[in-house]
Amino acid sequence: MVNVYYDKDADLGLLAEKTIGIVGYGSQGHAHALNLHDNGQKVVVGLYPESKSRAVAEAAGLEVADVPEVARRADILMVLIPDHVQGRIYREEIAPNLRPGSALMVAHGFSIHYREIVPDDTVDVMMCAPKAPGHRMRELFVEGVGVPSLLAVHQDATGNAKQLGLAYAKGVGCTGAGVLETTIKDETESDLFGEQTILCGGVTALVQAAFDTLVEGGYPEEIAFFECLHELKMIVDLMYQGGFNYMRYSVSDTAEYGDLTRGPRVIDEHVRENMRAILKEIQDGTFAKEWIAENDEGRPRFNPLRAQARSSNLEDVGKRLRSLMPWMDPKEV
């Protein structure tokens, strides 16, 4: 069992008189900065001079400065920019300006685990990784609920890194929901594996394959969409509420029997072997090297794959059907 910490375990007073720098003002950055600000902390947002987010952050009542200045001023510096640019920004703008005894933080361990960022041994290094997109993190903070988070201490230069990390987690609203203690390695590798094999890659590939199979079998696209994608939310919500048992309790006996007998034929040993191979690529750094190189080369494979996925038949059918259901608040990219 991992250690879990709550409000009573964290002292927000440890952040008093400290300047917290937030590098980036995207999905996670805006949530961290605003939640800390609302909790009474001194926050400075670090952005590059031409960033369009500068005006947005300032309009929200936050102080904004260039990244090198924020790194110099911050007692705690949280880096919330995309993984593939963190290494360069750290080396060029952050590392020359970090003060000994300060704390460097991340919300995902990618750059530290794969050594894109190699911090000086005079600073604390922690991770506070909220388990929700930034907009949801902000919404639940405003509602007084908060989202769970993972906490890892990678380097304890001051002897106070864990308590400081817990205080930060409380500042962004996570200790109300629970903070689980982990390591940078475990968070990074499990997070990438989850994204690739189920949460993003696995589920979209499974939905697409099922949709294509029905359409190829002569069934209307609209029926295939509802069966393979639209109803997925209902099933996931049931599992979210009560696990597989509650989902199976809630569906028909016919559906449950099909689940138990046909599911293992779809996700067979060959699929499990592929999952093990993907996990190995994450563990040995193959995926990280590939992703960093992809960005260094101008995304020659990623951009065409993204364009192709966005123009699929499934997406076209979904857009048309969602337009008939305005109560869903449909979104388009």
# chains A, B, ... in the order shown; residues from 1 in each chain; ligands from 1
>>> residues_around(residues="segment 39-56 of chain A", least_positions_apart="2", cutoff="7 Å", atoms="only C-alpha atoms", output="tab-separated table (two decimals) with N, CA and C atoms, in the first residue's frame")
chain	number	residue	atom	x	y	z
A	18	LYS	N	7.14	32.80	0.75
A	18	LYS	CA	7.87	32.23	-0.38
A	18	LYS	C	7.27	32.71	-1.70
A	19	THR	N	8.12	32.84	-2.69
A	19	THR	CA	7.66	33.16	-4.04
A	19	THR	C	7.60	31.87	-4.84
A	20	ILE	N	6.43	31.60	-5.41
A	20	ILE	CA	6.25	30.39	-6.21
A	20	ILE	C	6.21	30.78	-7.67
A	21	GLY	N	7.15	30.28	-8.43
A	21	GLY	CA	7.19	30.55	-9.87
A	21	GLY	C	6.50	29.42	-10.62
A	22	ILE	N	5.65	29.78	-11.57
A	22	ILE	CA	4.97	28.80	-12.42
A	22	ILE	C	5.42	29.07	-13.86
A	23	VAL	N	6.17	28.14	-14.43
A	23	VAL	CA	6.64	28.30	-15.80
A	23	VAL	C	5.61	27.67	-16.74
A	24	GLY	N	4.94	28.51	-17.50
A	24	GLY	CA	3.89	28.04	-18.40
A	24	GLY	C	2.51	28.43	-17.88
A	25	TYR	N	1.60	28.69	-18.82
A	25	TYR	CA	0.23	29.07	-18.42
A	25	TYR	C	-0.78	28.39	-19.34
A	33	ALA	N	-1.36	28.02	-10.99
A	33	ALA	CA	-1.15	29.43	-10.63
A	33	ALA	C	-2.38	30.03	-9.95
A	35	ASN	N	-4.99	28.46	-8.50
A	35	ASN	CA	-5.33	27.81	-7.23
A	35	ASN	C	-4.41	28.30	-6.11
A	36	LEU	N	-3.12	28.37	-6.38
A	36	LEU	CA	-2.18	28.88	-5.37
A	36	LEU	C	-2.49	30.33	-5.02
A	37	HIS	N	-2.77	31.13	-6.04
A	37	HIS	CA	-3.10	32.55	-5.81
A	37	HIS	C	-4.34	32.68	-4.94
A	58	GLU	N	-2.21	38.04	-16.77
A	58	GLU	CA	-2.30	39.35	-16.12
A	58	GLU	C	-3.75	39.75	-15.89
A	59	ALA	N	-4.63	39.41	-16.85
A	59	ALA	CA	-6.05	39.73	-16.69
A	59	ALA	C	-6.66	38.95	-15.53
A	60	ALA	N	-6.06	37.81	-15.20
A	60	ALA	CA	-6.54	37.00	-14.08
A	60	ALA	C	-5.97	37.48	-12.75
A	62	LEU	N	-2.58	37.93	-12.06
A	62	LEU	CA	-1.30	37.32	-11.74
A	62	LEU	C	-0.14	38.17	-12.25
A	63	GLU	N	0.96	38.15	-11.53
A	63	GLU	CA	2.17	38.81	-11.99
A	63	GLU	C	2.86	37.92	-13.02
A	64	VAL	N	3.39	38.52	-14.07
A	64	VAL	CA	4.05	37.77	-15.14
A	64	VAL	C	5.43	38.36	-15.38
A	65	ALA	N	6.40	37.49	-15.63
A	65	ALA	CA	7.76	37.94	-15.95
A	65	ALA	C	8.40	36.92	-16.88
A	66	ASP	N	9.56	37.27	-17.43
A	66	ASP	CA	10.29	36.33	-18.27
A	66	ASP	C	10.79	35.16	-17.43
A	67	VAL	N	10.99	34.02	-18.08
A	67	VAL	CA	11.37	32.80	-17.36
A	67	VAL	C	12.66	32.95	-16.56
A	70	VAL	N	11.91	34.81	-13.34
A	70	VAL	CA	11.11	34.00	-12.41
A	70	VAL	C	11.97	32.94	-11.75
A	171	GLY	N	-1.67	23.66	-1.46
A	171	GLY	CA	-1.90	24.96	-2.09
A	171	GLY	C	-2.68	24.88	-3.38
>>> residues_around(residues="segment 228-237 of chain A", least_positions_apart="4", cutoff="10 Å", atoms="only C-alpha atoms", output="number ranges by chain")
A: 203-204, 206-212, 214, 223-224, 241-244, 246-248, 250-251, 314, 318, 321-322
>>> atom_distance(atom1="atom CA of Gln163 of chain A", atom2="atom CA of Tyr5 of chain A")
10.7 Å
>>> select_by_dssp(residues="segment 20-212 of chain A", states="alpha helix (DSSP H)", output="count of residues only")
80
>>> residues_around(residues="Leu140 of chain A", least_positions_apart="5", cutoff="12 Å", atoms="only C-alpha atoms", output="mmCIF file with N, CA and C atoms, in the first residue's frame")
data_model
loop_
_atom_site.group_PDB
_atom_site.id
_atom_site.type_symbol
_atom_site.label_atom_id
_atom_site.label_comp_id
_atom_site.auth_asym_id
_atom_site.auth_seq_id
_atom_site.Cartn_x
_atom_site.Cartn_y
_atom_site.Cartn_z
ATOM 1 N N ALA A 31 -4.116 26.394 -13.924
ATOM 2 C CA ALA A 31 -4.779 25.838 -12.745
ATOM 3 C C ALA A 31 -3.884 25.952 -11.509
ATOM 4 N N ASN A 35 -4.992 28.462 -8.497
ATOM 5 C CA ASN A 35 -5.328 27.813 -7.230
ATOM 6 C C ASN A 35 -4.413 28.297 -6.106
ATOM 7 N N PRO A 130 -1.147 16.300 -10.309
ATOM 8 C CA PRO A 130 -2.602 16.155 -10.180
ATOM 9 C C PRO A 130 -3.144 15.202 -11.244
ATOM 10 N N LYS A 131 -4.078 14.337 -10.852
ATOM 11 C CA LYS A 131 -4.607 13.342 -11.771
ATOM 12 C C LYS A 131 -5.887 13.840 -12.439
ATOM 13 N N ALA A 132 -5.742 14.929 -13.158
ATOM 14 C CA ALA A 132 -6.860 15.500 -13.910
ATOM 15 C C ALA A 132 -6.315 16.557 -14.856
ATOM 16 N N PRO A 133 -6.994 16.792 -15.986
ATOM 17 C CA PRO A 133 -6.614 17.919 -16.844
ATOM 18 C C PRO A 133 -6.728 19.227 -16.060
ATOM 19 N N GLY A 134 -5.975 20.222 -16.485
ATOM 20 C CA GLY A 134 -5.943 21.479 -15.757
ATOM 21 C C GLY A 134 -7.292 22.150 -15.589
ATOM 22 N N HIS A 135 -8.120 22.128 -16.636
ATOM 23 C CA HIS A 135 -9.408 22.814 -16.517
ATOM 24 C C HIS A 135 -10.288 22.137 -15.471
ATOM 25 N N VAL A 145 -13.591 20.924 -3.900
ATOM 26 C CA VAL A 145 -13.398 19.477 -3.865
ATOM 27 C C VAL A 145 -11.928 19.105 -4.040
ATOM 28 N N GLY A 146 -11.311 19.545 -5.132
ATOM 29 C CA GLY A 146 -9.930 19.190 -5.427
ATOM 30 C C GLY A 146 -9.829 17.855 -6.138
ATOM 31 N N VAL A 147 -8.640 17.581 -6.679
ATOM 32 C CA VAL A 147 -8.400 16.312 -7.369
ATOM 33 C C VAL A 147 -7.248 15.582 -6.692
ATOM 34 N N PRO A 148 -7.223 14.244 -6.761
ATOM 35 C CA PRO A 148 -6.094 13.510 -6.193
ATOM 36 C C PRO A 148 -4.797 13.863 -6.925
ATOM 37 N N VAL A 172 -2.475 23.806 -4.142
ATOM 38 C CA VAL A 172 -3.213 23.666 -5.408
ATOM 39 C C VAL A 172 -4.501 22.873 -5.226
ATOM 40 N N GLY A 173 -4.797 22.467 -3.972
ATOM 41 C CA GLY A 173 -6.089 21.862 -3.684
ATOM 42 C C GLY A 173 -6.154 20.353 -3.728
ATOM 43 N N CYS A 174 -5.004 19.673 -3.718
ATOM 44 C CA CYS A 174 -5.006 18.216 -3.900
ATOM 45 C C CYS A 174 -5.115 17.420 -2.607
ATOM 46 N N GLY A 176 -7.090 17.700 -0.212
ATOM 47 C CA GLY A 176 -8.476 17.426 0.158
ATOM 48 C C GLY A 176 -8.962 16.122 -0.435
ATOM 49 N N ALA A 177 -8.440 15.778 -1.620
ATOM 50 C CA ALA A 177 -8.849 14.546 -2.298
ATOM 51 C C ALA A 177 -7.890 13.396 -2.027
#
>>> closest_atom_pairs(of="segment 84-187 of chain A", to="segment 289-309 of chain A", cutoff="10 Å", atoms="only C-alpha atoms", output="Markdown table")
| residue | atom | partner | partner_atom | distance |
| --- | --- | --- | --- | --- |
| A:His84 | CA | A:Ile292 | CA | 5.8 |
| A:Val85 | CA | A:Ile292 | CA | 8.7 |
| A:Gly87 | CA | A:Ile292 | CA | 9.8 |
| A:Tyr114 | CA | A:Lys289 | CA | 8.6 |
| A:Glu116 | CA | A:Ile292 | CA | 9.4 |
>>> write_last_selection(atoms="N, CA and C atoms", output="PDB file, in the first residue's frame")
ATOM      1  N   HIS A  84       8.571  17.993 -24.282  1.00  0.00           N
ATOM      2  CA  HIS A  84       9.639  18.001 -25.283  1.00  0.00           C
ATOM      3  C   HIS A  84      10.432  19.303 -25.325  1.00  0.00           C
ATOM      4  N   VAL A  85       9.960  20.367 -24.662  1.00  0.00           N
ATOM      5  CA  VAL A  85      10.734  21.621 -24.626  1.00  0.00           C
ATOM      6  C   VAL A  85      11.335  21.886 -23.254  1.00  0.00           C
ATOM      7  N   GLY A  87      13.618  20.346 -21.467  1.00  0.00           N
ATOM      8  CA  GLY A  87      15.065  20.229 -21.364  1.00  0.00           C
ATOM      9  C   GLY A  87      15.784  21.472 -21.851  1.00  0.00           C
ATOM     10  N   TYR A 114      14.119  10.851 -17.725  1.00  0.00           N
ATOM     11  CA  TYR A 114      14.922  10.580 -18.924  1.00  0.00           C
ATOM     12  C   TYR A 114      16.087  11.555 -19.076  1.00  0.00           C
ATOM     13  N   GLU A 116      16.507  14.710 -19.388  1.00  0.00           N
ATOM     14  CA  GLU A 116      16.488  15.959 -20.143  1.00  0.00           C
ATOM     15  C   GLU A 116      16.763  17.127 -19.200  1.00  0.00           C
TER      16      GLU A 116
END
>>> atom_distance(atom1="atom CA of Gly201 of chain A", atom2="atom CA of Leu150 of chain A")
22.7 Å
>>> select_by_dssp(residues="segment 24-110 of chain A", states="strand (DSSP E or B)", output="list of chain:residue names")
A:Lys42, A:Val43, A:Val44, A:Val45, A:Gly46, A:Glu63, A:Val64, A:Ala65, A:Ile76, A:Leu77, A:Met78, A:Val79, A:Ala103, A:Leu104, A:Met105, A:Val106
>>> write_last_selection(atoms="N, CA, C and O atoms", output="CSV table (one decimal), in the first residue's frame")
chain,number,residue,atom,x,y,z
A,42,LYS,N,2.1,33.9,-3.0
A,42,LYS,CA,2.7,34.8,-3.9
A,42,LYS,C,3.1,34.0,-5.1
A,42,LYS,O,4.1,33.2,-5.1
A,43,VAL,N,2.5,34.3,-6.3
A,43,VAL,CA,2.7,33.5,-7.5
A,43,VAL,C,3.2,34.5,-8.6
A,43,VAL,O,2.7,35.6,-8.8
A,44,VAL,N,4.3,34.0,-9.3
A,44,VAL,CA,4.7,34.8,-10.5
A,44,VAL,C,4.8,33.8,-11.6
A,44,VAL,O,5.4,32.7,-11.5
A,45,VAL,N,4.2,34.1,-12.7
A,45,VAL,CA,4.1,33.2,-13.9
A,45,VAL,C,5.2,33.6,-14.9
A,45,VAL,O,5.4,34.7,-15.2
A,46,GLY,N,6.0,32.6,-15.3
A,46,GLY,CA,7.1,32.8,-16.2
A,46,GLY,C,6.7,32.4,-17.6
A,46,GLY,O,6.3,31.2,-17.9
A,63,GLU,N,1.0,38.1,-11.5
A,63,GLU,CA,2.2,38.8,-12.0
A,63,GLU,C,2.9,37.9,-13.0
A,63,GLU,O,2.9,36.7,-12.9
A,64,VAL,N,3.4,38.5,-14.1
A,64,VAL,CA,4.0,37.8,-15.1
A,64,VAL,C,5.4,38.4,-15.4
A,64,VAL,O,5.6,39.6,-15.4
A,65,ALA,N,6.4,37.5,-15.6
A,65,ALA,CA,7.8,37.9,-15.9
A,65,ALA,C,8.4,36.9,-16.9
A,65,ALA,O,7.9,35.8,-17.1
A,76,ILE,N,10.2,28.3,-5.0
A,76,ILE,CA,9.7,27.1,-5.5
A,76,ILE,C,9.4,27.4,-7.0
A,76,ILE,O,8.6,28.3,-7.3
A,77,LEU,N,10.0,26.6,-7.9
A,77,LEU,CA,9.7,26.8,-9.3
A,77,LEU,C,9.1,25.5,-9.9
A,77,LEU,O,9.7,24.5,-9.9
A,78,MET,N,7.8,25.7,-10.3
A,78,MET,CA,7.1,24.6,-10.9
A,78,MET,C,7.2,24.7,-12.4
A,78,MET,O,6.7,25.8,-13.0
A,79,VAL,N,7.7,23.7,-13.2
A,79,VAL,CA,7.8,23.8,-14.6
A,79,VAL,C,6.6,23.0,-15.2
A,79,VAL,O,6.5,21.8,-15.1
A,103,ALA,N,13.6,25.1,-4.6
A,103,ALA,CA,13.0,23.8,-5.0
A,103,ALA,C,12.6,23.9,-6.5
A,103,ALA,O,12.0,24.9,-6.9
A,104,LEU,N,12.9,22.8,-7.2
A,104,LEU,CA,12.4,22.7,-8.6
A,104,LEU,C,11.3,21.6,-8.6
A,104,LEU,O,11.5,20.5,-8.0
A,105,MET,N,10.2,21.9,-9.2
A,105,MET,CA,9.1,21.0,-9.2
A,105,MET,C,8.6,20.7,-10.7
A,105,MET,O,8.7,21.6,-11.5
A,106,VAL,N,8.0,19.6,-10.9
A,106,VAL,CA,7.4,19.2,-12.1
A,106,VAL,C,6.0,18.5,-11.8
A,106,VAL,O,5.8,18.1,-10.7
>>> closest_residue(among="A:Glu332, A:Asp121, A:Val142, A:Met127", to="Asp38 of chain A", atoms="only C-alpha atoms")
A:Val142
>>> decode(residues="segment 175-329 of chain A", atoms="C-alpha atoms", output="PDB file, in the first residue's frame")
ATOM      1  CA  THR A 175      -4.702  17.195  -0.259  1.00  0.00           C
ATOM      2  CA  GLY A 176      -8.476  17.426   0.158  1.00  0.00           C
ATOM      3  CA  ALA A 177      -8.849  14.546  -2.298  1.00  0.00           C
ATOM      4  CA  GLY A 178      -5.694  12.648  -1.286  1.00  0.00           C
ATOM      5  CA  VAL A 179      -2.020  12.715  -2.286  1.00  0.00           C
ATOM      6  CA  LEU A 180      -0.373   9.363  -3.036  1.00  0.00           C
ATOM      7  CA  GLU A 181       3.374   8.990  -2.481  1.00  0.00           C
ATOM      8  CA  THR A 182       5.328   7.540  -5.406  1.00  0.00           C
ATOM      9  CA  THR A 183       8.597   7.927  -7.300  1.00  0.00           C
ATOM     10  CA  ILE A 184       9.491   9.824 -10.466  1.00  0.00           C
ATOM     11  CA  LYS A 185      10.272   6.510 -12.159  1.00  0.00           C
ATOM     12  CA  ASP A 186       6.970   4.824 -11.296  1.00  0.00           C
ATOM     13  CA  GLU A 187       4.870   7.863 -12.217  1.00  0.00           C
ATOM     14  CA  THR A 188       6.603   8.449 -15.529  1.00  0.00           C
ATOM     15  CA  GLU A 189       6.610   4.880 -16.756  1.00  0.00           C
ATOM     16  CA  SER A 190       3.087   4.010 -15.597  1.00  0.00           C
ATOM     17  CA  ASP A 191       1.691   7.278 -16.973  1.00  0.00           C
ATOM     18  CA  LEU A 192       3.182   6.730 -20.433  1.00  0.00           C
ATOM     19  CA  PHE A 193       2.068   3.090 -20.430  1.00  0.00           C
ATOM     20  CA  GLY A 194      -1.498   4.042 -19.501  1.00  0.00           C
ATOM     21  CA  GLU A 195      -1.667   6.715 -22.188  1.00  0.00           C
ATOM     22  CA  GLN A 196      -0.333   4.447 -24.902  1.00  0.00           C
ATOM     23  CA  THR A 197      -2.069   1.144 -24.183  1.00  0.00           C
ATOM     24  CA  ILE A 198      -5.505   2.095 -22.827  1.00  0.00           C
ATOM     25  CA  LEU A 199      -6.372   5.718 -22.018  1.00  0.00           C
ATOM     26  CA  CYS A 200      -5.517   7.162 -25.443  1.00  0.00           C
ATOM     27  CA  GLY A 201      -3.836   4.739 -27.828  1.00  0.00           C
ATOM     28  CA  GLY A 202      -5.548   1.512 -26.820  1.00  0.00           C
ATOM     29  CA  VAL A 203      -9.093   2.787 -26.514  1.00  0.00           C
ATOM     30  CA  THR A 204      -9.073   4.854 -29.708  1.00  0.00           C
ATOM     31  CA  ALA A 205      -7.585   1.987 -31.715  1.00  0.00           C
ATOM     32  CA  LEU A 206     -10.176  -0.432 -30.287  1.00  0.00           C
ATOM     33  CA  VAL A 207     -13.077   1.923 -31.012  1.00  0.00           C
ATOM     34  CA  GLN A 208     -11.819   2.567 -34.547  1.00  0.00           C
ATOM     35  CA  ALA A 209     -11.348  -1.143 -35.259  1.00  0.00           C
ATOM     36  CA  ALA A 210     -14.824  -2.009 -33.956  1.00  0.00           C
ATOM     37  CA  PHE A 211     -16.421   0.828 -35.957  1.00  0.00           C
ATOM     38  CA  ASP A 212     -14.617  -0.242 -39.140  1.00  0.00           C
ATOM     39  CA  THR A 213     -15.640  -3.872 -38.619  1.00  0.00           C
ATOM     40  CA  LEU A 214     -19.332  -3.015 -38.373  1.00  0.00           C
ATOM     41  CA  VAL A 215     -19.221  -0.669 -41.365  1.00  0.00           C
ATOM     42  CA  GLU A 216     -17.355  -3.266 -43.429  1.00  0.00           C
ATOM     43  CA  GLY A 217     -20.065  -5.737 -42.394  1.00  0.00           C
ATOM     44  CA  GLY A 218     -22.708  -3.567 -44.019  1.00  0.00           C
ATOM     45  CA  TYR A 219     -24.122  -1.754 -40.987  1.00  0.00           C
ATOM     46  CA  PRO A 220     -24.958   1.989 -41.133  1.00  0.00           C
ATOM     47  CA  GLU A 221     -22.185   4.289 -39.948  1.00  0.00           C
ATOM     48  CA  GLU A 222     -24.512   6.001 -37.516  1.00  0.00           C
ATOM     49  CA  ILE A 223     -25.426   2.718 -35.804  1.00  0.00           C
ATOM     50  CA  ALA A 224     -21.741   1.735 -35.673  1.00  0.00           C
ATOM     51  CA  PHE A 225     -20.883   5.081 -34.072  1.00  0.00           C
ATOM     52  CA  PHE A 226     -23.469   4.732 -31.327  1.00  0.00           C
ATOM     53  CA  GLU A 227     -22.505   1.140 -30.537  1.00  0.00           C
ATOM     54  CA  CYS A 228     -18.729   1.597 -30.595  1.00  0.00           C
ATOM     55  CA  LEU A 229     -18.134   5.136 -29.322  1.00  0.00           C
ATOM     56  CA  HIS A 230     -21.210   6.948 -28.015  1.00  0.00           C
ATOM     57  CA  GLU A 231     -22.200   4.269 -25.492  1.00  0.00           C
ATOM     58  CA  LEU A 232     -18.622   3.914 -24.235  1.00  0.00           C
ATOM     59  CA  LYS A 233     -19.130   6.797 -21.815  1.00  0.00           C
ATOM     60  CA  MET A 234     -21.961   4.971 -20.052  1.00  0.00           C
ATOM     61  CA  ILE A 235     -19.794   1.882 -19.551  1.00  0.00           C
ATOM     62  CA  VAL A 236     -16.784   3.877 -18.351  1.00  0.00           C
ATOM     63  CA  ASP A 237     -18.972   5.844 -15.930  1.00  0.00           C
ATOM     64  CA  LEU A 238     -20.296   2.595 -14.436  1.00  0.00           C
ATOM     65  CA  MET A 239     -16.752   1.241 -14.013  1.00  0.00           C
ATOM     66  CA  TYR A 240     -15.650   4.582 -12.532  1.00  0.00           C
ATOM     67  CA  GLN A 241     -18.440   4.384  -9.951  1.00  0.00           C
ATOM     68  CA  GLY A 242     -18.099   0.751  -8.924  1.00  0.00           C
ATOM     69  CA  GLY A 243     -15.502  -1.139 -10.937  1.00  0.00           C
ATOM     70  CA  PHE A 244     -16.083  -4.022 -13.320  1.00  0.00           C
ATOM     71  CA  ASN A 245     -18.526  -5.678 -10.909  1.00  0.00           C
ATOM     72  CA  TYR A 246     -20.890  -2.699 -10.843  1.00  0.00           C
ATOM     73  CA  MET A 247     -20.714  -2.346 -14.625  1.00  0.00           C
ATOM     74  CA  ARG A 248     -21.564  -6.031 -15.097  1.00  0.00           C
ATOM     75  CA  TYR A 249     -24.340  -5.776 -12.509  1.00  0.00           C
ATOM     76  CA  SER A 250     -25.820  -2.835 -14.431  1.00  0.00           C
ATOM     77  CA  VAL A 251     -25.868  -4.337 -17.931  1.00  0.00           C
ATOM     78  CA  SER A 252     -27.946  -7.241 -19.198  1.00  0.00           C
ATOM     79  CA  ASP A 253     -26.982 -10.874 -18.639  1.00  0.00           C
ATOM     80  CA  THR A 254     -26.532 -11.144 -22.398  1.00  0.00           C
ATOM     81  CA  ALA A 255     -24.022  -8.288 -22.351  1.00  0.00           C
ATOM     82  CA  GLU A 256     -22.214  -9.732 -19.344  1.00  0.00           C
ATOM     83  CA  TYR A 257     -21.928 -13.184 -20.933  1.00  0.00           C
ATOM     84  CA  GLY A 258     -20.582 -11.609 -24.142  1.00  0.00           C
ATOM     85  CA  ASP A 259     -18.134  -9.581 -22.058  1.00  0.00           C
ATOM     86  CA  LEU A 260     -16.788 -12.595 -20.170  1.00  0.00           C
ATOM     87  CA  THR A 261     -16.558 -14.940 -23.153  1.00  0.00           C
ATOM     88  CA  ARG A 262     -15.641 -12.661 -26.081  1.00  0.00           C
ATOM     89  CA  GLY A 263     -13.571  -9.974 -24.366  1.00  0.00           C
ATOM     90  CA  PRO A 264     -10.590 -12.319 -23.856  1.00  0.00           C
ATOM     91  CA  ARG A 265     -10.743 -13.238 -27.556  1.00  0.00           C
ATOM     92  CA  VAL A 266     -10.339  -9.583 -28.533  1.00  0.00           C
ATOM     93  CA  ILE A 267      -7.676  -8.783 -25.929  1.00  0.00           C
ATOM     94  CA  ASP A 268      -5.733 -12.029 -26.281  1.00  0.00           C
ATOM     95  CA  GLU A 269      -2.162 -13.050 -25.462  1.00  0.00           C
ATOM     96  CA  HIS A 270      -0.885 -11.364 -28.612  1.00  0.00           C
ATOM     97  CA  VAL A 271      -2.236  -8.026 -27.361  1.00  0.00           C
ATOM     98  CA  ARG A 272      -0.649  -8.622 -23.970  1.00  0.00           C
ATOM     99  CA  GLU A 273       2.689  -9.335 -25.669  1.00  0.00           C
ATOM    100  CA  ASN A 274       2.404  -6.017 -27.512  1.00  0.00           C
ATOM    101  CA  MET A 275       1.680  -4.277 -24.213  1.00  0.00           C
ATOM    102  CA  ARG A 276       4.790  -5.831 -22.647  1.00  0.00           C
ATOM    103  CA  ALA A 277       6.864  -4.659 -25.617  1.00  0.00           C
ATOM    104  CA  ILE A 278       5.492  -1.117 -25.268  1.00  0.00           C
ATOM    105  CA  LEU A 279       6.270  -1.121 -21.537  1.00  0.00           C
ATOM    106  CA  LYS A 280       9.846  -2.217 -22.264  1.00  0.00           C
ATOM    107  CA  GLU A 281      10.264   0.660 -24.743  1.00  0.00           C
ATOM    108  CA  ILE A 282       9.116   3.044 -22.016  1.00  0.00           C
ATOM    109  CA  GLN A 283      11.386   1.513 -19.388  1.00  0.00           C
ATOM    110  CA  ASP A 284      14.548   1.467 -21.507  1.00  0.00           C
ATOM    111  CA  GLY A 285      14.041   5.000 -22.861  1.00  0.00           C
ATOM    112  CA  THR A 286      13.310   4.021 -26.478  1.00  0.00           C
ATOM    113  CA  PHE A 287      10.011   5.925 -26.563  1.00  0.00           C
ATOM    114  CA  ALA A 288      11.492   9.010 -24.891  1.00  0.00           C
ATOM    115  CA  LYS A 289      14.369   9.153 -27.393  1.00  0.00           C
ATOM    116  CA  GLU A 290      11.931   8.702 -30.269  1.00  0.00           C
ATOM    117  CA  TRP A 291       9.628  11.489 -29.043  1.00  0.00           C
ATOM    118  CA  ILE A 292      12.456  13.943 -28.401  1.00  0.00           C
ATOM    119  CA  ALA A 293      13.958  13.205 -31.843  1.00  0.00           C
ATOM    120  CA  GLU A 294      10.544  13.589 -33.467  1.00  0.00           C
ATOM    121  CA  ASN A 295      10.278  17.130 -32.118  1.00  0.00           C
ATOM    122  CA  ASP A 296      13.897  17.998 -32.903  1.00  0.00           C
ATOM    123  CA  GLU A 297      13.265  16.953 -36.530  1.00  0.00           C
ATOM    124  CA  GLY A 298      10.119  19.081 -36.885  1.00  0.00           C
ATOM    125  CA  ARG A 299       7.542  16.339 -36.262  1.00  0.00           C
ATOM    126  CA  PRO A 300       7.755  14.666 -39.711  1.00  0.00           C
ATOM    127  CA  ARG A 301       5.757  11.619 -38.578  1.00  0.00           C
ATOM    128  CA  PHE A 302       3.545  13.093 -35.848  1.00  0.00           C
ATOM    129  CA  ASN A 303       1.984  15.864 -37.946  1.00  0.00           C
ATOM    130  CA  PRO A 304       0.804  13.589 -40.817  1.00  0.00           C
ATOM    131  CA  LEU A 305      -0.508  10.997 -38.336  1.00  0.00           C
ATOM    132  CA  ARG A 306      -2.424  13.716 -36.471  1.00  0.00           C
ATOM    133  CA  ALA A 307      -3.917  15.092 -39.699  1.00  0.00           C
ATOM    134  CA  GLN A 308      -4.936  11.620 -40.853  1.00  0.00           C
ATOM    135  CA  ALA A 309      -6.591  10.779 -37.522  1.00  0.00           C
ATOM    136  CA  ARG A 310      -8.536  14.054 -37.479  1.00  0.00           C
ATOM    137  CA  SER A 311     -10.033  13.397 -40.918  1.00  0.00           C
ATOM    138  CA  SER A 312     -11.204   9.819 -40.342  1.00  0.00           C
ATOM    139  CA  ASN A 313     -14.678   8.632 -41.300  1.00  0.00           C
ATOM    140  CA  LEU A 314     -15.461   7.952 -37.643  1.00  0.00           C
ATOM    141  CA  GLU A 315     -14.714  11.570 -36.768  1.00  0.00           C
ATOM    142  CA  ASP A 316     -16.929  12.838 -39.588  1.00  0.00           C
ATOM    143  CA  VAL A 317     -19.854  10.688 -38.484  1.00  0.00           C
ATOM    144  CA  GLY A 318     -19.364  11.728 -34.874  1.00  0.00           C
ATOM    145  CA  LYS A 319     -19.317  15.413 -35.724  1.00  0.00           C
ATOM    146  CA  ARG A 320     -22.582  15.072 -37.636  1.00  0.00           C
ATOM    147  CA  LEU A 321     -24.349  13.134 -34.884  1.00  0.00           C
ATOM    148  CA  ARG A 322     -23.094  15.337 -32.053  1.00  0.00           C
ATOM    149  CA  SER A 323     -24.534  18.355 -33.853  1.00  0.00           C
ATOM    150  CA  LEU A 324     -27.969  16.760 -33.363  1.00  0.00           C
ATOM    151  CA  MET A 325     -27.407  16.501 -29.604  1.00  0.00           C
ATOM    152  CA  PRO A 326     -26.708  20.064 -28.383  1.00  0.00           C
ATOM    153  CA  TRP A 327     -27.370  19.059 -24.769  1.00  0.00           C
ATOM    154  CA  MET A 328     -24.001  17.247 -24.877  1.00  0.00           C
ATOM    155  CA  ASP A 329     -22.164  20.561 -25.340  1.00  0.00           C
TER     156      ASP A 329
END
